[in-house]
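Below is one structure, written out as structure tokens; the observations come after it.
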Amino acid sequence: MTGLSTITQITAGESHTCARLADATVRCWGNNTGGQLGDGTTLARFTPVAVGVAGVAEITAGRQHTCARLADGTARCWGSYGTTSWGPPADLGLTGVTAVSAGL
């Protein structure tokens, strides 16, 4: 896929996939009904789109959401989970984060 020659990590949700690149940015593609691609829309994307977050150390995908642990120890999530909905990557207000994991 275009723009994905430097993948360092990949994660897949129910119907979307995201890749962390060597430059610590994220690109996602697939279904986007919950905003899980992080591009500020709910349009499905068949080619990777950039997520508006940098300094990403780790990513994880859930059913309709994606989360990232940043190198500075904070975390960002985007998409929807149950009745919670995040638009573009939202700061969760957490510090000292050492790992992230997304469930259903």
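Naming works like this for the structure tokens: A, B, ... for the chains as they're shown, residue 1 at the start of each chain, ligands 1 onward in shown order.
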Legend entry - Contact residues around Gly103 in chain A with only C-alpha atoms at 8 Å, ignoring same-chain residues under 2 positions, as an MDAnalysis selection string: chainID A and resid 61:63 101
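Those residues that approach Gln64 in chain A to within 7 Å, counting only C-alpha atoms, are Gly13, Glu14, Gly34, Gln36, Gly79, Ser80 and Tyr81 of chain A; same-chain residues fewer than 3 positions away are not listed.
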Selection to disk with C-alpha atoms, as a PDB file, in the first residue's frame:
```pdb
ATOM      1  CA  GLY A  13     -10.054  -3.970  14.820  1.00  0.00           C
ATOM      2  CA  GLU A  14     -13.328  -5.512  13.724  1.00  0.00           C
ATOM      3  CA  GLY A  34     -17.469   4.951  14.374  1.00  0.00           C
ATOM      4  CA  GLN A  36     -12.095   4.611  14.133  1.00  0.00           C
ATOM      5  CA  GLY A  79     -13.626   6.232  17.253  1.00  0.00           C
ATOM      6  CA  SER A  80     -16.464   4.947  19.407  1.00  0.00           C
ATOM      7  CA  TYR A  81     -16.876   2.499  22.241  1.00  0.00           C
TER       8      TYR A  81
END
```
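Atom pair CA of Pro48 in chain A / CA of Arg69 in chain A has a distance of 19.9 Å (rounded to one decimal).
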Inset, instruction - Looking only at strand (DSSP E or B) from DSSP on the backbone, list the matching residues of chain A as a ChimeraX atom specification. - result: /A:7-12,16-21,26-30,45-50,56-61,65-70,75-81,84-91
Inset, instruction - Using only C-alpha atoms, determine which residues lie at most 8 Å from Ile10 in chain A, disregarding the query and same-chain residues fewer than 2 positions distant; provide the list as a count of residues only. - result: 8
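Distances to Leu92 in chain A were evaluated for A:Thr60, A:Thr41, A:Thr74, A:Thr25 using only C-alpha atoms, and the minimum falls at A:Thr74.
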Inset, instruction - Might you pull out every residue within 10 Å of Ala90 in chain A, with only C-alpha atoms counted and same-chain residues fewer than 6 positions away left off, and present them as a count of residues only? - result: 9
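When only C-alpha atoms are used to compute distances to Glu58 in chain A, the closest of the residues A:Val100, A:Thr33, A:Phe46, A:Asp23 turns out to be A:Val100.
CA of Ala57 in chain A to CA of His16 in chain A spans 19.5 Å [interatomic distance, one decimal].
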Inset, instruction - Tell me, as a list in words, which residues lie within 9 Å of Ala44 in chain A, counting only C-alpha atoms; anything in the same chain fewer than 4 positions away does not count. - result: Trp29, Gly30, Asn31, Asn32, Thr33 and Leu37 of chain A
Write out, as a PDB file, in the first residue's frame, the residues just selected, with N, CA and C atoms.
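So again37.pdb came out as:
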```pdb
ATOM      1  N   TRP A  29      -6.987   2.446   7.735  1.00  0.00           N
ATOM      2  CA  TRP A  29      -7.862   2.221   6.589  1.00  0.00           C
ATOM      3  C   TRP A  29      -8.915   1.186   6.953  1.00  0.00           C
ATOM      4  N   GLY A  30     -10.019   1.166   6.175  1.00  0.00           N
ATOM      5  CA  GLY A  30     -11.099   0.212   6.392  1.00  0.00           C
ATOM      6  C   GLY A  30     -12.408   0.898   6.717  1.00  0.00           C
ATOM      7  N   ASN A  31     -13.275   0.188   7.433  1.00  0.00           N
ATOM      8  CA  ASN A  31     -14.563   0.734   7.854  1.00  0.00           C
ATOM      9  C   ASN A  31     -14.322   1.900   8.811  1.00  0.00           C
ATOM     10  N   ASN A  32     -15.213   2.869   8.807  1.00  0.00           N
ATOM     11  CA  ASN A  32     -15.008   4.061   9.621  1.00  0.00           C
ATOM     12  C   ASN A  32     -16.312   4.571  10.209  1.00  0.00           C
ATOM     13  N   THR A  33     -17.314   3.703  10.371  1.00  0.00           N
ATOM     14  CA  THR A  33     -18.621   4.158  10.849  1.00  0.00           C
ATOM     15  C   THR A  33     -18.565   4.772  12.234  1.00  0.00           C
ATOM     16  N   LEU A  37     -10.947   5.489  12.160  1.00  0.00           N
ATOM     17  CA  LEU A  37      -9.749   5.772  11.367  1.00  0.00           C
ATOM     18  C   LEU A  37      -9.051   7.045  11.815  1.00  0.00           C
TER      19      LEU A  37
END
```
